[in-house]
$ cat protein07.txt   # compact mmCIF, C-alpha atoms
# COMPACT_ATOMS: atom_id res chain seq x y z
CA MET A 1 18.03 166.43 175.15
CA LYS A 2 16.53 166.17 171.68
CA LYS A 3 19.50 168.09 170.38
CA VAL A 4 21.80 165.64 171.97
CA LYS A 5 20.01 162.70 170.32
CA PHE A 6 20.08 164.45 166.99
CA ILE A 7 23.83 165.00 167.19
CA ALA A 8 24.39 161.43 168.16
CA LEU A 9 22.36 160.24 165.20
CA LEU A 10 24.40 162.45 162.87
CA LEU A 11 27.60 161.01 164.24
CA VAL A 12 26.36 157.48 163.71
CA LEU A 13 25.41 158.24 160.14
CA SER A 14 28.73 159.94 159.49
CA LEU A 15 30.63 156.97 160.81
CA ALA A 16 28.51 154.65 158.68
CA VAL A 17 29.42 156.65 155.57
CA VAL A 18 33.10 156.56 156.47
CA GLY A 19 32.87 152.81 157.00
CA ALA A 20 31.42 152.28 153.52
CA GLY A 21 34.44 154.15 152.06
CA TYR A 22 36.98 151.78 153.65
CA ALA A 23 35.15 148.71 152.44
CA ALA A 24 35.38 149.57 148.67
CA TRP A 25 36.19 146.51 146.49
CA THR A 26 39.73 146.20 145.00
CA ASP A 27 41.50 144.00 142.40
CA GLN A 28 45.04 143.32 141.02
CA THR A 29 46.46 142.25 137.64
CA THR A 30 49.93 140.53 137.41
CA ILE A 31 52.22 139.77 134.48
CA ASN A 32 54.39 136.73 135.09
CA GLY A 33 57.24 136.72 132.52
CA THR A 34 60.01 134.25 131.70
CA VAL A 35 62.87 134.92 129.29
CA GLU A 36 64.89 131.99 128.01
CA THR A 37 68.07 132.83 126.12
CA GLY A 38 69.37 130.97 123.13
CA TYR A 39 72.85 129.56 122.80
CA LEU A 40 75.75 129.10 120.45
CA ASP A 41 76.83 125.60 119.62
CA THR A 42 79.12 125.31 116.64
CA VAL A 43 80.51 121.87 116.04
CA PHE A 44 82.46 119.80 113.56
CA THR A 45 80.35 117.04 112.07
CA SER A 46 82.90 115.47 109.73
CA ALA A 47 86.60 115.45 108.85
CA VAL A 48 87.78 113.29 105.98
CA SER A 49 91.33 113.00 104.65
CA ASN A 50 92.07 112.34 101.00
CA ASP A 51 95.07 110.22 102.01
CA ALA A 52 94.16 107.71 104.65
CA GLY A 53 97.26 105.70 103.86
CA THR A 54 95.59 102.89 101.98
CA ALA A 55 96.40 104.02 98.46
CA ALA A 56 99.00 105.99 96.55
CA ASP A 57 99.69 109.46 97.88
CA PRO A 58 97.76 112.24 96.17
CA GLY A 59 99.43 112.98 92.87
CA GLN A 60 101.95 110.15 93.32
CA THR A 61 102.20 106.54 92.22
CA VAL A 62 103.24 104.98 95.54
CA ASN A 63 101.87 104.95 99.05
CA VAL A 64 104.34 106.67 101.35
CA GLY A 65 102.81 109.34 103.55
CA LYS A 66 99.53 109.37 105.40
CA THR A 67 97.13 111.97 106.74
CA GLU A 68 94.69 110.90 109.41
CA ALA A 69 91.82 113.10 110.50
CA THR A 70 89.61 112.63 113.54
CA TYR A 71 87.12 115.01 115.03
CA SER A 72 85.15 115.83 118.13
CA ASP A 73 82.60 118.59 118.56
CA LYS A 74 85.06 121.40 118.93
CA GLU A 75 88.24 120.04 117.43
CA VAL A 76 89.59 118.32 114.37
CA VAL A 77 92.92 116.57 114.85
CA VAL A 78 95.06 116.09 111.75
CA ALA A 79 98.11 113.82 111.92
CA ILE A 80 100.46 113.59 108.95
CA THR A 81 103.11 110.89 109.07
CA ASN A 82 106.10 109.97 106.92
CA ALA A 83 105.79 113.11 104.86
CA TYR A 84 108.38 114.40 102.42
CA PRO A 85 108.94 117.50 100.32
CA GLY A 86 106.16 117.64 97.79
CA TYR A 87 103.73 115.64 99.87
CA ASN A 88 100.32 117.23 99.94
CA SER A 89 96.99 116.23 101.41
CA LYS A 90 93.59 117.68 102.04
CA VAL A 91 91.08 117.30 104.85
CA ASP A 92 87.46 118.11 104.04
CA PHE A 93 85.53 119.15 107.13
CA THR A 94 82.00 120.22 107.89
CA ILE A 95 80.88 122.75 110.46
CA LYS A 96 77.30 122.72 111.75
CA ASN A 97 75.46 125.39 113.66
CA GLN A 98 73.72 123.42 116.38
CA GLY A 99 72.84 126.55 118.28
CA THR A 100 69.61 128.47 118.30
CA MET A 101 70.60 131.55 116.41
CA PRO A 102 72.42 132.33 113.21
CA ILE A 103 76.16 132.78 113.48
CA LYS A 104 78.71 134.56 111.40
CA VAL A 105 82.29 133.52 110.79
CA THR A 106 84.43 136.28 112.23
CA GLY A 107 87.88 134.88 111.82
CA ILE A 108 89.96 132.08 110.34
CA ALA A 109 93.41 132.08 111.84
CA VAL A 110 96.24 129.66 111.13
CA VAL A 111 99.04 129.66 113.68
CA ASN A 112 101.96 127.88 112.09
CA ALA A 113 105.46 128.57 113.26
CA ASN A 114 106.85 126.40 110.46
CA GLY A 115 104.86 127.77 107.59
CA ASP A 116 107.90 127.64 105.34
CA LYS A 117 108.10 123.89 105.90
CA VAL A 118 104.46 122.88 106.00
CA ASP A 119 102.15 125.22 104.18
CA VAL A 120 98.65 125.12 105.67
CA THR A 121 95.62 126.84 104.20
CA VAL A 122 91.91 126.82 104.96
CA SER A 123 89.48 127.35 102.12
CA GLY A 124 85.78 126.96 101.45
CA ILE A 125 84.69 129.17 104.32
CA SER A 126 85.22 132.89 104.63
CA VAL A 127 84.94 135.61 107.19
CA GLY A 128 81.40 136.98 107.02
CA ASP A 129 79.76 133.69 106.07
CA GLN A 130 76.47 133.27 107.91
CA ILE A 131 75.38 129.86 109.13
CA ASN A 132 71.78 129.53 110.16
CA PRO A 133 70.63 127.20 112.92
CA GLY A 134 70.77 123.64 111.70
CA ALA A 135 72.79 124.55 108.61
CA THR A 136 76.26 123.33 107.71
CA VAL A 137 79.18 124.70 105.76
CA SER A 138 82.07 122.78 104.27
CA GLY A 139 85.70 123.75 104.43
CA LYS A 140 88.97 122.31 103.25
CA LEU A 141 92.32 122.19 104.98
CA THR A 142 95.28 121.84 102.63
CA ASN A 143 98.73 120.71 103.77
CA VAL A 144 101.79 120.98 101.55
CA VAL A 145 105.21 119.89 102.75
CA THR A 146 107.75 122.18 101.15
CA GLY A 147 111.33 121.69 100.10
CA ALA A 148 112.45 123.39 103.31
CA ALA A 149 111.10 120.57 105.47
CA GLU A 150 113.78 118.60 107.28
CA GLU A 151 114.08 114.84 107.56
CA SER A 152 112.72 113.12 110.67
CA ALA A 153 111.18 116.33 111.97
CA ASN A 154 107.90 117.12 113.68
CA TYR A 155 105.89 120.22 112.94
CA SER A 156 102.58 121.37 114.37
CA TYR A 157 100.02 124.03 113.67
CA THR A 158 96.52 125.12 114.63
CA ALA A 159 93.75 126.62 112.58
CA THR A 160 90.98 128.36 114.46
CA VAL A 161 87.57 129.27 113.12
CA SER A 162 85.89 131.98 115.19
CA VAL A 163 82.15 132.57 115.06
CA ARG A 164 79.82 135.03 116.70
CA GLN A 165 76.10 135.65 116.93
CA TRP A 166 75.08 137.04 113.59
CA ASN A 167 73.60 140.38 114.63
CA LEU A 168 76.43 141.98 116.54
CA MET B 1 71.10 172.43 133.70
CA ASN B 2 68.94 170.75 131.07
CA LYS B 3 71.95 170.48 128.78
CA VAL B 4 73.95 168.74 131.49
CA LYS B 5 71.15 166.21 132.01
CA LEU B 6 70.89 165.59 128.29
CA LEU B 7 74.63 164.97 128.06
CA LEU B 8 74.51 162.51 130.94
CA VAL B 9 71.67 160.62 129.30
CA VAL B 10 73.58 160.41 126.00
CA LEU B 11 76.70 159.16 127.79
CA ALA B 12 74.71 156.54 129.64
CA ILE B 13 73.15 155.28 126.41
CA ALA B 14 76.54 155.20 124.69
CA ALA B 15 78.04 153.22 127.56
CA LEU B 16 75.19 150.75 127.37
CA GLY B 17 75.75 150.42 123.65
CA MET B 18 79.43 149.64 124.19
CA GLY B 19 78.61 147.05 126.77
CA ALA B 20 76.25 145.31 124.41
CA ALA B 21 78.88 145.12 121.66
CA TYR B 22 81.48 143.49 123.89
CA ALA B 23 78.98 141.04 125.23
CA ALA B 24 78.24 139.46 121.86
CA TRP B 25 78.34 135.71 122.16
CA ALA B 26 81.21 134.05 120.35
CA GLU B 27 83.13 130.80 120.30
CA ASN B 28 86.02 129.09 118.54
CA ILE B 29 86.48 125.70 117.00
CA THR B 30 89.95 124.44 116.24
CA ILE B 31 91.89 122.26 113.85
CA ALA B 32 95.08 120.94 115.43
CA GLY B 33 97.57 119.50 112.99
CA THR B 34 100.90 117.72 113.23
CA ALA B 35 103.23 116.75 110.43
CA GLN B 36 105.99 114.22 110.93
CA THR B 37 108.45 113.89 108.10
CA GLY B 38 110.21 110.73 107.01
CA ASN B 39 113.82 110.23 106.01
CA VAL B 40 115.98 109.11 103.12
CA ASP B 41 118.66 106.61 104.05
CA VAL B 42 120.27 104.39 101.42
CA ASN B 43 123.05 102.09 102.54
CA ILE B 44 125.38 99.42 101.27
CA ARG B 45 124.66 96.31 103.29
CA TRP B 46 127.39 94.02 102.03
CA ALA B 47 129.87 93.72 99.19
CA ASN B 48 131.87 90.84 97.74
CA LEU B 49 134.68 90.66 95.24
CA SER B 50 135.92 87.75 93.20
CA ALA B 51 138.59 87.57 90.53
CA PRO B 52 140.27 85.17 88.09
CA ASP B 53 143.09 82.92 89.25
CA TYR B 54 146.39 84.67 89.99
CA VAL B 55 144.66 87.97 90.43
CA GLU B 56 144.94 89.50 93.86
CA ARG B 57 141.82 91.02 95.22
CA THR B 58 141.28 93.16 98.25
CA ILE B 59 138.01 94.51 99.42
CA SER B 60 137.90 96.86 102.34
CA THR B 61 135.22 96.93 104.94
CA ILE B 62 132.24 99.03 104.19
CA SER B 63 132.61 102.56 105.54
CA PRO B 64 131.05 103.20 108.98
CA ASP B 65 128.28 105.25 107.44
CA ARG B 66 127.65 102.38 105.01
CA LYS B 67 127.72 104.77 102.10
CA SER B 68 130.81 103.54 100.32
CA VAL B 69 132.95 100.51 99.71
CA SER B 70 136.36 100.35 98.07
CA PHE B 71 138.23 97.49 96.52
CA LYS B 72 141.45 96.73 94.72
CA VAL B 73 142.30 94.26 92.01
CA SER B 74 145.95 93.65 91.18
CA ASP B 75 147.69 91.73 88.44
CA LEU B 76 144.69 91.64 86.15
CA TYR B 77 145.49 90.11 82.78
CA PRO B 78 143.65 89.70 79.44
CA THR B 79 141.01 87.02 79.40
CA ALA B 80 138.57 85.63 76.89
CA TYR B 81 135.34 86.54 78.58
CA LEU B 82 132.94 83.70 79.07
CA SER B 83 129.81 84.53 80.97
CA SER B 84 129.55 81.07 82.49
CA ASN B 85 133.13 81.01 83.72
CA SER B 86 133.76 83.21 86.74
CA LYS B 87 137.50 82.79 86.22
CA THR B 88 137.38 84.99 83.15
CA PHE B 89 136.36 88.16 84.90
CA ALA B 90 136.55 90.07 88.15
CA ARG B 91 133.28 90.51 89.88
CA LEU B 92 132.02 93.13 92.28
CA HIS B 93 128.83 92.12 93.97
CA PHE B 94 127.03 94.39 96.41
CA SER B 95 123.66 95.31 97.86
CA VAL B 96 122.14 98.75 98.16
CA GLU B 97 119.22 98.95 100.57
CA ASN B 98 116.68 101.60 101.27
CA ASN B 99 116.71 101.81 105.05
CA GLY B 100 114.79 105.08 105.13
CA SER B 101 111.06 105.62 105.15
CA ILE B 102 110.79 107.42 101.82
CA PRO B 103 111.13 105.71 98.43
CA VAL B 104 114.10 106.79 96.40
CA VAL B 105 115.13 106.83 92.77
CA LEU B 106 118.51 107.13 91.18
CA ASP B 107 119.39 110.78 90.66
CA SER B 108 122.76 110.39 89.01
CA VAL B 109 125.79 108.15 88.74
CA GLU B 110 129.26 109.58 89.00
CA PHE B 111 132.13 107.62 87.59
CA VAL B 112 135.53 109.12 88.28
CA PRO B 113 138.62 107.25 87.03
CA ASP B 114 141.78 107.90 89.01
CA ASN B 115 144.05 107.80 85.99
CA PRO B 116 141.79 108.53 83.03
CA ASN B 117 144.59 108.72 80.47
CA ALA B 118 145.92 105.25 81.16
CA GLU B 119 145.95 103.04 78.11
CA VAL B 120 144.31 100.22 80.00
CA TRP B 121 141.01 102.09 80.17
CA ASN B 122 140.56 101.46 76.47
CA TRP B 123 140.60 97.71 77.05
CA LEU B 124 138.58 97.24 80.16
CA ARG B 125 135.11 95.90 79.54
CA THR B 126 132.17 95.44 81.84
CA VAL B 127 129.03 93.34 82.03
CA VAL B 128 126.43 94.45 84.54
CA HIS B 129 123.50 92.59 86.03
CA ILE B 130 121.11 94.39 88.34
CA HIS B 131 118.28 92.90 90.34
CA ALA B 132 115.82 94.46 92.72
CA GLY B 133 113.67 92.83 95.34
CA THR B 134 113.11 92.31 99.02
CA PRO B 135 116.09 91.11 101.02
CA SER B 136 115.72 88.47 103.70
CA SER B 137 116.18 89.55 107.30
CA THR B 138 119.77 88.40 107.16
CA GLY B 139 120.28 90.16 103.84
CA THR B 140 121.72 87.08 102.20
CA SER B 141 118.96 86.37 99.75
CA LEU B 142 116.59 88.37 97.65
CA SER B 143 112.94 87.52 97.12
CA ASN B 144 110.49 88.85 94.57
CA SER B 145 113.47 89.83 92.50
CA ARG B 146 113.38 91.20 89.03
CA SER B 147 116.02 92.27 86.58
CA LEU B 148 116.60 95.96 85.88
CA THR B 149 118.55 95.25 82.70
CA GLY B 150 116.01 93.41 80.66
CA VAL B 151 116.77 89.95 79.32
CA ASN B 152 120.47 90.58 78.79
CA PRO B 153 122.98 92.28 81.05
CA LEU B 154 124.38 95.69 80.24
CA ALA B 155 127.60 95.52 78.30
CA GLY B 156 130.23 98.04 77.25
CA ASP B 157 133.48 99.68 78.24
CA LEU B 158 134.07 100.00 81.96
CA LYS B 159 134.84 103.69 81.51
CA ASP B 160 131.27 104.13 80.28
CA ILE B 161 129.60 102.28 83.15
CA ASP B 162 127.80 105.42 84.31
CA LYS B 163 126.14 105.74 80.91
CA LEU B 164 125.27 102.04 80.92
CA LEU B 165 123.62 102.31 84.33
CA LEU B 166 121.72 105.45 83.37
CA GLY B 167 120.55 104.05 80.06
CA THR B 168 122.34 106.77 78.09
CA HIS B 169 125.02 104.60 76.55
CA PRO B 170 125.13 104.95 72.73
CA THR B 171 124.64 101.24 72.07
CA ASP B 172 122.98 99.89 75.23
CA LYS B 173 120.03 101.79 76.61
CA THR B 174 118.31 98.85 78.27
CA SER B 175 118.89 99.84 81.89
CA THR B 176 115.68 100.57 83.78
CA LEU B 177 117.57 101.52 86.91
CA PRO B 178 116.89 105.27 86.53
CA SER B 179 113.13 104.77 86.55
CA PHE B 180 113.07 102.17 89.31
CA VAL B 181 111.54 103.30 92.58
CA LEU B 182 113.37 101.69 95.48
CA MET B 183 110.81 101.34 98.22
CA PRO B 184 111.69 101.33 101.92
CA GLY B 185 112.90 97.86 102.86
CA GLN B 186 113.79 96.95 99.30
CA ALA B 187 117.23 96.43 97.86
CA ILE B 188 119.02 96.73 94.57
CA TRP B 189 121.60 94.07 94.12
CA PHE B 190 124.39 94.51 91.68
CA GLY B 191 124.43 90.81 91.42
CA GLY B 192 122.05 87.90 91.71
CA THR B 193 119.82 86.65 94.45
CA ASP B 194 122.39 84.93 96.64
CA MET B 195 125.03 86.97 98.40
CA ASP B 196 127.53 84.14 98.73
CA ASP B 197 127.22 82.46 95.38
CA GLU B 198 130.26 83.45 93.41
CA GLU B 199 128.73 82.29 90.17
CA GLN B 200 126.02 84.87 90.49
CA ASN B 201 125.78 87.94 88.36
CA SER B 202 127.29 91.26 89.35
CA ILE B 203 129.30 94.15 88.01
CA ARG B 204 131.80 92.15 86.07
CA PHE B 205 134.88 93.62 84.50
CA PHE B 206 137.78 92.16 82.63
CA LEU B 207 140.69 93.12 80.44
CA SER B 208 139.96 92.38 76.82
CA GLN B 209 141.84 89.50 75.31
CA ASN B 210 143.03 91.98 72.67
CA ALA B 211 144.69 94.30 75.18
CA PRO B 212 148.18 95.16 73.93
CA ASN B 213 151.42 94.90 75.85
CA SER B 214 151.27 98.61 76.55
CA THR B 215 148.56 97.93 79.08
CA GLN B 216 150.90 95.99 81.33
CA ASN B 217 151.93 97.35 84.73
CA GLU B 218 149.32 100.05 84.73
CA GLU B 219 147.51 100.99 87.86
CA ILE B 220 144.09 102.46 87.71
CA GLY B 221 141.27 103.08 90.08
CA PHE B 222 137.85 104.53 89.98
CA THR B 223 135.08 105.82 92.13
CA LEU B 224 131.56 104.83 91.27
CA LYS B 225 129.04 106.89 93.14
CA PHE B 226 125.29 106.45 93.13
CA ASN B 227 123.28 109.50 94.08
CA TRP B 228 119.77 108.81 95.27
CA LYS B 229 116.92 111.20 95.75
CA GLN B 230 113.39 111.03 97.04
CA PHE B 231 111.15 109.37 94.50
CA ASN B 232 109.01 112.38 93.59
CA LYS B 233 111.73 114.90 92.74

$ encode --input "protein07.txt" --output "structure tokens"
Amino acid sequence: MKKVKFIALLLVLSLAVVGAGYAAWTDQTTINGTVETGYLDTVFTSAVSNDAGTAADPGQTVNVGKTEATYSDKEVVVAITNAYPGYNSKVDFTIKNQGTMPIKVTGIAVVNANGDKVDVTVSGISVGDQINPGATVSGKLTNVVTGAAEESANYSYTATVSVRQWNL
Amino acid sequence: MNKVKLLLVVLAIAALGMGAAYAAWAENITIAGTAQTGNVDVNIRWANLSAPDYVERTISTISPDRKSVSFKVSDLYPTAYLSSNSKTFARLHFSVENNGSIPVVLDSVEFVPDNPNAEVWNWLRTVVHIHAGTPSSTGTSLSNSRSLTGVNPLAGDLKDIDKLLLGTHPTDKTSTLPSFVLMPGQAIWFGGTDMDDEEQNSIRFFLSQNAPNSTQNEEIGFTLKFNWKQFNK
């Protein structure tokens, strides 16, 4: 009978030890992360013609043609009216990097099906130019109506400036 | 087996690298331009002809394109020219208007006599007045006019009228017509400021009072052509 009591006591003690093992204290550590990406936002902030139609045409003595320039964030609209061979005008424009990262100019493309009649060039900015956030660059659009232009005709063109994040 | 795994890892990294390059953020901004050209359109709006007594005069209608006008004077005889007496000369009076949108200047004047060897050419004289200004809506009067011949009219032989008009005549270089810019809506009148006033100035011509008998019964004609060009060429 004493042996039986002794065994029972041992069992109780063993169970007690096992119970202490399951009750060991624990803890956790957590990392809560957020990643917010930047953005590109390249905009025009000015577009000014050198022939608004209120004075003599550039290089001439009389007021005949006119070049109007208006702009929105992503587009400059240039409208030349009553032009003639030899008429030329310029539009100075400014591009601002309103995004959060530097950008690089990757392309300047003029699509002009009537390039022999209205010569259009973009200068002042070049492929590879870097524009930092908040910075601006100035460019110039030059229009020259050539001797091949026809009377009472309408011509159109587009000039596209492509930019990309600076590091890729 | 290890080599195969290594190759797969390299390929995976390369593919990731390609993906990153194509995913670079980019955007475009655009300049959209249009160019509308004007036109050159110079027309004769009206023309009048007067002549001394006993001289028959015929003036045709202006051509449909309004680019030319023709006239005929018959039975002209020698007269003692007197500027204040319209019966001593024949008088062609006409208006040239810039109906285009581009200013023009005179490029050249072509004078082509039909019968250049006729004796009468040596005795035909001309006196030319030119005014420029803004015609009224009806075209019958000219405002803000000014003379393009200076104080006096151009004067010389009719066969040299092209030189007179261009200011290249040996003795009369006073014409300012070649340097005058005819703006859209303006007119050059070979005459005065009233279309219907027969006493007004014009291209006058007459047979000199010294013309010999050999100039009788001669028939001549001429074409006087004004070539205009855009102002900046």

$ closest_residue --input "protein07.txt" --among "B:Asn98, B:Ser86, B:Asn117, B:Ser214" --to "Asn43 of chain B" --atoms "all atoms listed in the file"
B:Asn98

$ interface_residues --input "protein07.txt" --of "chain A" --to "chain B" --cutoff "6 Å" --atoms "only C-alpha atoms" --output "ChimeraX atom specification"
/A:74-84,151-165

$ atom_distance --input "protein07.txt" --atom1 "atom CA of Pro212 of chain B" --atom2 "atom CA of Asn122 of chain B"
10.2 Å

$ residues_around --input "protein07.txt" --residues "Leu207 of chain B" --least-positions-apart "6" --cutoff "9 Å" --atoms "only C-alpha atoms" --output "NGL selection string"
:B and (76-81 or 89 or 120-121 or 123-126)

$ residues_around --input "protein07.txt" --residues "Ala55 of chain A" --least-positions-apart "6" --cutoff "10 Å" --atoms "only C-alpha atoms" --output "list of chain:residue names"
A:Thr61, A:Val62, A:Asn63, A:Val64, A:Gly65, A:Lys66

$ atom_distance --input "protein07.txt" --atom1 "atom CA of Thr146 of chain A" --atom2 "atom CA of Lys117 of chain A"
5.1 Å

$ closest_residue --input "protein07.txt" --among "B:Ser70, B:Ser108, B:Ser95, B:Gln216" --to "Pro178 of chain B" --atoms "all atoms listed in the file"
B:Ser108

$ residues_around --input "protein07.txt" --residues "segment 30-40 of chain A" --least-positions-apart "3" --cutoff "7 Å" --atoms "all atoms listed in the file" --output "count of residues only"
3

$ atom_distance --input "protein07.txt" --atom1 "atom CA of Ala155 of chain B" --atom2 "atom CA of Leu177 of chain B"
14.5 Å

$ residues_around --input "protein07.txt" --residues "Ser46 of chain A" --least-positions-apart "4" --cutoff "7 Å" --atoms "only C-alpha atoms" --output "PyMOL selection string"
chain A and resi 71+93-94
